[in-house]
>>> print(open('run13.pdb').read())   # PDB, C-alpha atoms
ATOM      1  CA  MET A  32      14.487 -77.350 173.699
ATOM      2  CA  GLY A  33      12.779 -74.815 175.942
ATOM      3  CA  ALA A  34      14.155 -71.909 173.913
ATOM      4  CA  ALA A  35      12.914 -73.484 170.692
ATOM      5  CA  VAL A  36       9.410 -73.886 172.111
ATOM      6  CA  ALA A  37       9.448 -70.266 173.288
ATOM      7  CA  VAL A  38      10.417 -69.088 169.808
ATOM      8  CA  VAL A  39       7.606 -71.106 168.230
ATOM      9  CA  LEU A  40       5.036 -69.773 170.703
ATOM     10  CA  THR A  41       6.198 -66.197 170.195
ATOM     11  CA  ALA A  42       5.978 -66.561 166.432
ATOM     12  CA  ALA A  43       2.489 -68.042 166.702
ATOM     13  CA  THR A  44       1.351 -65.206 168.963
ATOM     14  CA  LEU A  45       2.691 -62.558 166.616
ATOM     15  CA  THR A  46       1.023 -64.253 163.654
ATOM     16  CA  ALA A  47      -2.316 -64.306 165.491
ATOM     17  CA  CYS A  48      -1.974 -60.627 166.378
ATOM     18  CA  ARG A  49      -1.252 -59.691 162.782
ATOM     19  CA  THR A  50      -4.214 -61.784 161.627
ATOM     20  CA  ASN A  51      -6.584 -59.923 163.948
ATOM     21  CA  VAL A  52      -5.340 -56.411 163.196
ATOM     22  CA  GLY A  53      -8.290 -54.294 162.134
ATOM     23  CA  VAL A  54     -10.826 -56.959 163.125
ATOM     24  CA  ALA A  55     -13.671 -55.898 165.415
ATOM     25  CA  ALA A  56     -15.386 -59.281 165.506
ATOM     26  CA  ARG A  57     -15.776 -62.603 163.767
ATOM     27  CA  VAL A  58     -19.194 -64.213 163.474
ATOM     28  CA  ASN A  59     -19.382 -67.779 162.187
ATOM     29  CA  GLY A  60     -16.354 -67.118 160.011
ATOM     30  CA  GLU A  61     -17.517 -63.714 158.761
ATOM     31  CA  THR A  62     -15.420 -60.684 159.681
ATOM     32  CA  ILE A  63     -16.645 -57.302 160.888
ATOM     33  CA  SER A  64     -13.728 -54.912 160.521
ATOM     34  CA  GLU A  65     -12.812 -51.897 162.595
ATOM     35  CA  SER A  66     -13.521 -49.730 159.556
ATOM     36  CA  ASP A  67     -16.985 -51.305 159.236
ATOM     37  CA  VAL A  68     -17.687 -49.998 162.734
ATOM     38  CA  THR A  69     -15.968 -46.604 162.636
ATOM     39  CA  THR A  70     -17.695 -45.604 159.415
ATOM     40  CA  HIS A  71     -20.933 -45.409 161.422
ATOM     41  CA  LEU A  72     -19.554 -43.246 164.254
ATOM     42  CA  THR A  73     -19.939 -39.467 164.460
ATOM     43  CA  GLY A  74     -16.719 -39.009 166.390
ATOM     44  CA  LYS A  75     -18.553 -36.673 168.771
ATOM     45  CA  PRO A  76     -18.909 -37.190 172.548
ATOM     46  CA  GLN A  77     -22.167 -38.597 173.858
ATOM     47  CA  SER A  78     -24.710 -35.961 174.815
ATOM     48  CA  ALA A  79     -24.765 -34.361 178.255
ATOM     49  CA  GLN A  80     -28.443 -35.294 178.550
ATOM     50  CA  LEU A  81     -27.659 -38.990 178.213
ATOM     51  CA  GLN A  82     -24.755 -38.724 180.627
ATOM     52  CA  GLN A  83     -27.089 -37.195 183.213
ATOM     53  CA  GLN A  84     -29.717 -39.886 182.634
ATOM     54  CA  ALA A  85     -27.131 -42.646 182.956
ATOM     55  CA  LYS A  86     -25.786 -41.175 186.177
ATOM     56  CA  ALA A  87     -29.281 -40.882 187.649
ATOM     57  CA  ALA A  88     -30.030 -44.483 186.684
ATOM     58  CA  GLY A  89     -26.729 -45.732 188.069
ATOM     59  CA  GLN A  90     -25.691 -47.007 184.631
ATOM     60  CA  ASP A  91     -22.675 -46.591 182.401
ATOM     61  CA  LEU A  92     -23.277 -45.260 178.909
ATOM     62  CA  THR A  93     -22.791 -47.815 176.176
ATOM     63  CA  PRO A  94     -19.920 -46.714 173.897
ATOM     64  CA  ALA A  95     -21.029 -45.863 170.369
ATOM     65  CA  ARG A  96     -18.692 -48.424 168.831
ATOM     66  CA  VAL A  97     -20.242 -51.157 171.011
ATOM     67  CA  ILE A  98     -23.765 -50.199 169.940
ATOM     68  CA  VAL A  99     -22.764 -50.510 166.291
ATOM     69  CA  LEU A 100     -20.840 -53.753 166.677
ATOM     70  CA  GLN A 101     -23.548 -55.363 168.816
ATOM     71  CA  SER A 102     -26.149 -54.568 166.172
ATOM     72  CA  GLU A 103     -23.990 -55.865 163.327
ATOM     73  CA  ILE A 104     -23.260 -59.116 165.165
ATOM     74  CA  GLY A 105     -26.948 -59.587 165.903
ATOM     75  CA  GLY A 106     -27.849 -59.028 162.271
ATOM     76  CA  LEU A 107     -25.502 -61.796 161.132
ATOM     77  CA  LEU A 108     -26.653 -64.230 163.821
ATOM     78  CA  TYR A 109     -30.374 -63.722 163.259
ATOM     79  CA  ARG A 110     -30.064 -63.812 159.471
ATOM     80  CA  ARG A 111     -28.210 -67.131 159.665
ATOM     81  CA  ALA A 112     -30.765 -68.576 162.082
ATOM     82  CA  LEU A 113     -33.633 -67.550 159.812
ATOM     83  CA  ALA A 114     -31.889 -68.977 156.753
ATOM     84  CA  ARG A 115     -31.606 -72.328 158.510
ATOM     85  CA  THR A 116     -35.141 -72.433 159.868
ATOM     86  CA  GLY A 117     -37.180 -71.819 156.750
ATOM     87  CA  GLY A 118     -35.446 -68.966 154.976
ATOM     88  CA  VAL A 119     -34.869 -65.248 155.458
ATOM     89  CA  PRO A 120     -38.057 -63.207 154.963
ATOM     90  CA  THR A 121     -38.172 -60.823 152.026
ATOM     91  CA  ASP A 122     -37.232 -57.185 152.508
ATOM     92  CA  ALA A 123     -40.894 -56.272 152.099
ATOM     93  CA  ALA A 124     -41.935 -58.692 154.839
ATOM     94  CA  LEU A 125     -39.250 -57.415 157.207
ATOM     95  CA  VAL A 126     -40.187 -53.783 156.626
ATOM     96  CA  ALA A 127     -43.864 -54.625 157.152
ATOM     97  CA  SER A 128     -43.026 -55.906 160.638
ATOM     98  CA  ARG A 129     -40.848 -52.919 161.548
ATOM     99  CA  ASN A 130     -43.271 -50.992 163.736
ATOM    100  CA  GLU A 131     -44.158 -54.027 165.818
ATOM    101  CA  ALA A 132     -40.518 -55.135 166.039
ATOM    102  CA  VAL A 133     -39.407 -51.753 167.345
ATOM    103  CA  GLN A 134     -42.309 -51.528 169.781
ATOM    104  CA  VAL A 135     -41.605 -54.974 171.250
ATOM    105  CA  LEU A 136     -37.801 -55.024 171.194
ATOM    106  CA  ALA A 137     -36.818 -51.393 171.693
ATOM    107  CA  GLY A 138     -39.853 -49.403 172.709
ATOM    108  CA  ASN A 139     -40.902 -51.113 175.928
ATOM    109  CA  GLY A 140     -44.373 -51.466 174.462
ATOM    110  CA  GLN A 141     -44.436 -47.931 173.060
ATOM    111  CA  GLN A 142     -44.046 -46.941 169.436
ATOM    112  CA  ILE A 143     -40.816 -45.204 168.455
ATOM    113  CA  THR A 144     -40.435 -43.563 165.063
ATOM    114  CA  ASP A 145     -37.401 -43.984 162.840
ATOM    115  CA  GLN A 146     -36.623 -40.320 163.432
ATOM    116  CA  GLN A 147     -36.694 -40.731 167.204
ATOM    117  CA  LEU A 148     -34.431 -43.757 167.043
ATOM    118  CA  GLY A 149     -32.043 -41.935 164.720
ATOM    119  CA  SER A 150     -31.945 -38.992 167.113
ATOM    120  CA  GLN A 151     -31.082 -41.284 169.999
ATOM    121  CA  LEU A 152     -28.352 -43.041 168.044
ATOM    122  CA  SER A 153     -26.911 -39.636 167.205
ATOM    123  CA  GLN A 154     -26.837 -38.645 170.877
ATOM    124  CA  PHE A 155     -24.871 -41.810 171.587
ATOM    125  CA  GLY A 156     -22.329 -40.912 168.905
ATOM    126  CA  VAL A 157     -23.718 -43.094 166.127
ATOM    127  CA  LYS A 158     -24.563 -41.596 162.730
ATOM    128  CA  ARG A 159     -28.253 -41.274 161.916
ATOM    129  CA  ALA A 160     -27.582 -43.145 158.685
ATOM    130  CA  PHE A 161     -26.989 -46.278 160.760
ATOM    131  CA  THR A 162     -30.659 -46.286 161.792
ATOM    132  CA  SER A 163     -31.690 -48.449 158.829
ATOM    133  CA  ARG A 164     -29.102 -51.104 159.704
ATOM    134  CA  PHE A 165     -30.076 -51.007 163.378
ATOM    135  CA  LEU A 166     -33.722 -51.422 162.419
ATOM    136  CA  ARG A 167     -32.938 -54.328 160.110
ATOM    137  CA  THR A 168     -31.330 -56.214 162.998
ATOM    138  CA  LEU A 169     -34.478 -55.656 165.086
ATOM    139  CA  GLU A 170     -36.622 -56.856 162.177
ATOM    140  CA  LEU A 171     -34.553 -60.027 161.769
ATOM    141  CA  GLU A 172     -34.652 -60.743 165.490
ATOM    142  CA  TYR A 173     -38.408 -60.228 165.621
ATOM    143  CA  ALA A 174     -38.947 -62.439 162.567
ATOM    144  CA  LEU A 175     -37.068 -65.267 164.274
ATOM    145  CA  ILE A 176     -39.029 -64.795 167.501
ATOM    146  CA  GLN A 177     -42.335 -64.901 165.622
ATOM    147  CA  ARG A 178     -41.404 -67.876 163.470
ATOM    148  CA  LEU A 179     -40.284 -70.054 166.370
ATOM    149  CA  LYS A 180     -42.857 -68.625 168.802
ATOM    150  CA  LEU A 181     -40.219 -67.689 171.360
ATOM    151  CA  THR A 182     -41.133 -66.015 174.643
ATOM    152  CA  GLN A 183     -37.876 -65.896 176.617
ATOM    153  CA  GLN A 184     -34.365 -64.581 175.975
ATOM    154  CA  SER A 185     -33.024 -68.037 176.831
ATOM    155  CA  GLU A 186     -35.163 -69.547 174.066
ATOM    156  CA  LEU A 187     -33.841 -67.042 171.544
ATOM    157  CA  THR A 188     -30.268 -67.747 172.586
ATOM    158  CA  ALA A 189     -30.805 -71.500 172.309
ATOM    159  CA  ALA A 190     -32.404 -71.172 168.873
ATOM    160  CA  VAL A 191     -29.501 -69.156 167.510
ATOM    161  CA  ARG A 192     -26.943 -71.511 169.023
ATOM    162  CA  LYS A 193     -28.494 -74.446 167.195
ATOM    163  CA  THR A 194     -27.838 -72.754 163.865
ATOM    164  CA  GLY A 195     -24.358 -71.429 164.677
ATOM    165  CA  SER A 196     -23.267 -68.743 167.094
ATOM    166  CA  ALA A 197     -19.465 -68.737 167.020
ATOM    167  CA  VAL A 198     -18.598 -65.151 167.966
ATOM    168  CA  SER A 199     -15.292 -63.585 168.972
ATOM    169  CA  VAL A 200     -14.897 -59.897 169.768
ATOM    170  CA  SER A 201     -11.810 -57.697 169.878
ATOM    171  CA  PRO A 202     -10.815 -56.868 173.486
ATOM    172  CA  ARG A 203     -11.074 -53.209 172.474
ATOM    173  CA  TYR A 204     -14.855 -53.595 172.566
ATOM    174  CA  GLY A 205     -15.181 -55.950 175.506
ATOM    175  CA  THR A 206     -16.054 -59.627 175.751
ATOM    176  CA  TRP A 207     -18.855 -61.578 174.145
ATOM    177  CA  ASP A 208     -21.487 -62.851 176.578
ATOM    178  CA  ALA A 209     -22.709 -66.036 174.910
ATOM    179  CA  ALA A 210     -25.565 -66.412 177.403
ATOM    180  CA  LYS A 211     -27.084 -62.980 176.764
ATOM    181  CA  PHE A 212     -25.823 -62.417 173.210
ATOM    182  CA  THR A 213     -24.407 -59.042 174.184
ATOM    183  CA  ILE A 214     -21.006 -57.403 174.391
ATOM    184  CA  ASP A 215     -19.880 -56.823 177.961
ATOM    185  CA  THR A 216     -17.659 -53.782 178.257
ATOM    186  CA  ALA A 217     -15.166 -53.191 181.048
ATOM    187  CA  SER A 218     -17.749 -51.053 182.853
ATOM    188  CA  GLY A 219     -20.821 -53.197 182.344
ATOM    189  CA  ALA A 220     -23.302 -54.419 179.774
ATOM    190  CA  GLY A 221     -23.466 -53.344 176.159
ATOM    191  CA  SER A 222     -26.592 -52.722 174.139
ATOM    192  CA  PRO A 223     -29.214 -53.253 176.873
ATOM    193  CA  ALA A 224     -28.091 -50.049 178.601
ATOM    194  CA  PHE A 225     -28.435 -48.192 175.316
ATOM    195  CA  LEU A 226     -31.959 -49.468 174.789
ATOM    196  CA  LYS A 227     -33.082 -48.657 178.334
ATOM    197  CA  LEU A 228     -31.848 -45.089 178.093
ATOM    198  CA  GLN A 229     -33.244 -44.778 174.612
ATOM    199  CA  GLN A 230     -36.679 -45.795 175.895
ATOM    200  CA  ALA A 231     -36.493 -43.405 178.818
ATOM    201  CA  SER A 232     -35.685 -40.412 176.659
ATOM    202  CA  SER A 233     -37.603 -41.214 173.479
ATOM    203  CA  SER A 234     -40.089 -38.418 174.106
ATOM    204  CA  ALA A 235     -37.275 -35.900 174.297
ATOM    205  CA  ALA A 236     -36.032 -37.061 170.917
ATOM    206  CA  ALA A 237     -39.301 -36.446 169.086
ATOM    207  CA  PRO A 238     -38.971 -34.654 165.742
ATOM    208  CA  GLY A 239     -38.950 -30.920 166.153
ATOM    209  CA  SER A 240     -38.018 -31.061 169.840
TER     210      SER A 240
END
>>> encode(input="run13.pdb", output="C-alpha cells")
Amino acid sequence: MGAAVAVVLTAATLTACRTNVGVAARVNGETISESDVTTHLTGKPQSAQLQQQAKAAGQDLTPARVIVLQSEIGGLLYRRALARTGGVPTDAALVASRNEAVQVLAGNGQQITDQQLGSQLSQFGVKRAFTSRFLRTLELEYALIQRLKLTQQSELTAAVRKTGSAVSVSPRYGTWDAAKFTIDTASGAGSPAFLKLQQASSSAAAPGS
C-alpha cells in the first residue's frame, strides 16, 4: 500500500516537472516561457558602474532575467485589470500618457527619455529593444492607477487581485510576492532595486554620454 502510494506520488511529481519545463511563469493561465525571457537578454554581465552603485547603496543588483519577467508579468496583470474595469485604452492613448507614466512610476518625479531607459536596461543586461515592452507595462499600470484614482501600492494590488492575479514563478527566478507584486530573488527584491538604481544613474545614461 505504502509503496503504491509512493509510486503514484513520484509519477505525479515527474509529470509536474515535465509540464513546467521551459516555463518562466504562469499568469492567470497564460504562460511566459523561458525563451520569451531569454530572447530579451544581452548575455553580457551587468556594468561595473551599476555594481559599484549597488554596493554603495547596500543593494543587490536585480538579475536581467528578473527585470524582464517582472515587466512581462505586470503587463499581463494590468492589461487584464483594465479589460475588466472599462476596457484597455487604445495604443494611441497609452502612448500619449507615456511621459507622465515614466515620470511617476520610474523617474522619481523626473523625466526620463526612452533612450536613457534603454541605456539603463542595457547596462543591466537587457536588450535595448525591450524598452518598448517595458514602457508598455508602465503605461498600462499608470492607466489603471488613473482610471481607479489609486494613491497607494496596496490599492493597486487590491484592484488587480479583484480582476485576477494568479501568478506562479519558476524557482529559477525567485518567488512571487503577492503583496508587493514583485519577484523576490534569493538575495532580495526584484524590480524595485532596478528602478532605484536606474533613477540614481539616469543622468549618466543620457544620450551621447
>>> closest_residue(input="run13.pdb", among="A:Arg164, A:Arg178, A:Arg159, A:Arg96", to="Pro120 of chain A", atoms="all atoms listed in the file")
A:Arg178
>>> resolve_selection(input="run13.pdb", expression="the PyMOL selection byres ((chain A and resi 212) around 10)", output="MDAnalysis selection string")
chainID A and resid 101 104:105 108 184:185 187:188 191 196 198 207:211 213:215 221:222
>>> write_last_selection(input="run13.pdb", atoms="C-alpha atoms", output="JSON list (two decimals), in the coordinates of the input")
[["chain", "number", "residue", "atom", "x", "y", "z"],
["A", 101, "GLN", "CA", -23.55, -55.36, 168.82],
["A", 104, "ILE", "CA", -23.26, -59.12, 165.16],
["A", 105, "GLY", "CA", -26.95, -59.59, 165.90],
["A", 108, "LEU", "CA", -26.65, -64.23, 163.82],
["A", 184, "GLN", "CA", -34.36, -64.58, 175.98],
["A", 185, "SER", "CA", -33.02, -68.04, 176.83],
["A", 187, "LEU", "CA", -33.84, -67.04, 171.54],
["A", 188, "THR", "CA", -30.27, -67.75, 172.59],
["A", 191, "VAL", "CA", -29.50, -69.16, 167.51],
["A", 196, "SER", "CA", -23.27, -68.74, 167.09],
["A", 198, "VAL", "CA", -18.60, -65.15, 167.97],
["A", 207, "TRP", "CA", -18.86, -61.58, 174.14],
["A", 208, "ASP", "CA", -21.49, -62.85, 176.58],
["A", 209, "ALA", "CA", -22.71, -66.04, 174.91],
["A", 210, "ALA", "CA", -25.56, -66.41, 177.40],
["A", 211, "LYS", "CA", -27.08, -62.98, 176.76],
["A", 213, "THR", "CA", -24.41, -59.04, 174.18],
["A", 214, "ILE", "CA", -21.01, -57.40, 174.39],
["A", 215, "ASP", "CA", -19.88, -56.82, 177.96],
["A", 221, "GLY", "CA", -23.47, -53.34, 176.16],
["A", 222, "SER", "CA", -26.59, -52.72, 174.14]]
>>> atom_distance(input="run13.pdb", atom1="atom CA of Ser199 of chain A", atom2="atom CA of Val58 of chain A")
6.8 Å
>>> axis_aligned_box(input="run13.pdb", around="segment 90-108 of chain A", padding_each_side="3 Å", output="JSON")
{"center_x": -23.3, "center_y": -54.7, "center_z": 172.9, "size_x": 15.2, "size_y": 25.0, "size_z": 29.5}
>>> closest_residue(input="run13.pdb", among="A:Leu166, A:Leu152, A:Ala160, A:Ala174", to="Pro94 of chain A", atoms="only C-alpha atoms")
A:Leu152
>>> resolve_selection(input="run13.pdb", expression="the PyMOL selection byres ((chain A and resi 95) around 7)", output="MDAnalysis selection string")
chainID A and resid 72 93:94 96:99 155:157
>>> resolve_selection(input="run13.pdb", expression="the PyMOL selection byres ((chain A and resi 66-69) around 9)", output="PyMOL selection string")
chain A and resi 53-55+63-65+70-74+96-97+99-100+103
>>> atom_distance(input="run13.pdb", atom1="atom CA of Val133 of chain A", atom2="atom CA of Gly60 of chain A")
28.7 Å
>>> atom_distance(input="run13.pdb", atom1="atom CA of Glu172 of chain A", atom2="atom CA of Leu92 of chain A")
23.4 Å
>>> closest_residue(input="run13.pdb", among="A:Arg192, A:Arg167, A:Phe161, A:Gln151", to="Ser78 of chain A", atoms="all atoms listed in the file")
A:Gln151
>>> closest_residue(input="run13.pdb", among="A:Ala132, A:Leu107, A:Ala88, A:Leu148", to="Ala56 of chain A", atoms="only C-alpha atoms")
A:Leu107
>>> residues_around(input="run13.pdb", residues="Leu113 of chain A", least_positions_apart="4", cutoff="8 Å", atoms="all atoms listed in the file", output="PDB file with C-alpha atoms, in the frame of the given file")
ATOM      1  CA  TYR A 109     -30.374 -63.722 163.259  1.00  0.00           C
ATOM      2  CA  GLY A 117     -37.180 -71.819 156.750  1.00  0.00           C
ATOM      3  CA  GLY A 118     -35.446 -68.966 154.976  1.00  0.00           C
ATOM      4  CA  VAL A 119     -34.869 -65.248 155.458  1.00  0.00           C
ATOM      5  CA  PRO A 120     -38.057 -63.207 154.963  1.00  0.00           C
ATOM      6  CA  LEU A 171     -34.553 -60.027 161.769  1.00  0.00           C
ATOM      7  CA  ALA A 174     -38.947 -62.439 162.567  1.00  0.00           C
ATOM      8  CA  LEU A 175     -37.068 -65.267 164.274  1.00  0.00           C
TER       9      LEU A 175
END
>>> closest_residue(input="run13.pdb", among="A:Thr116, A:Thr194, A:Pro202, A:Thr162", to="Gln147 of chain A", atoms="all atoms listed in the file")
A:Thr162
>>> closest_residue(input="run13.pdb", among="A:Val200, A:Gly205, A:Gln142, A:Thr216", to="Thr62 of chain A", atoms="all atoms listed in the file")
A:Val200
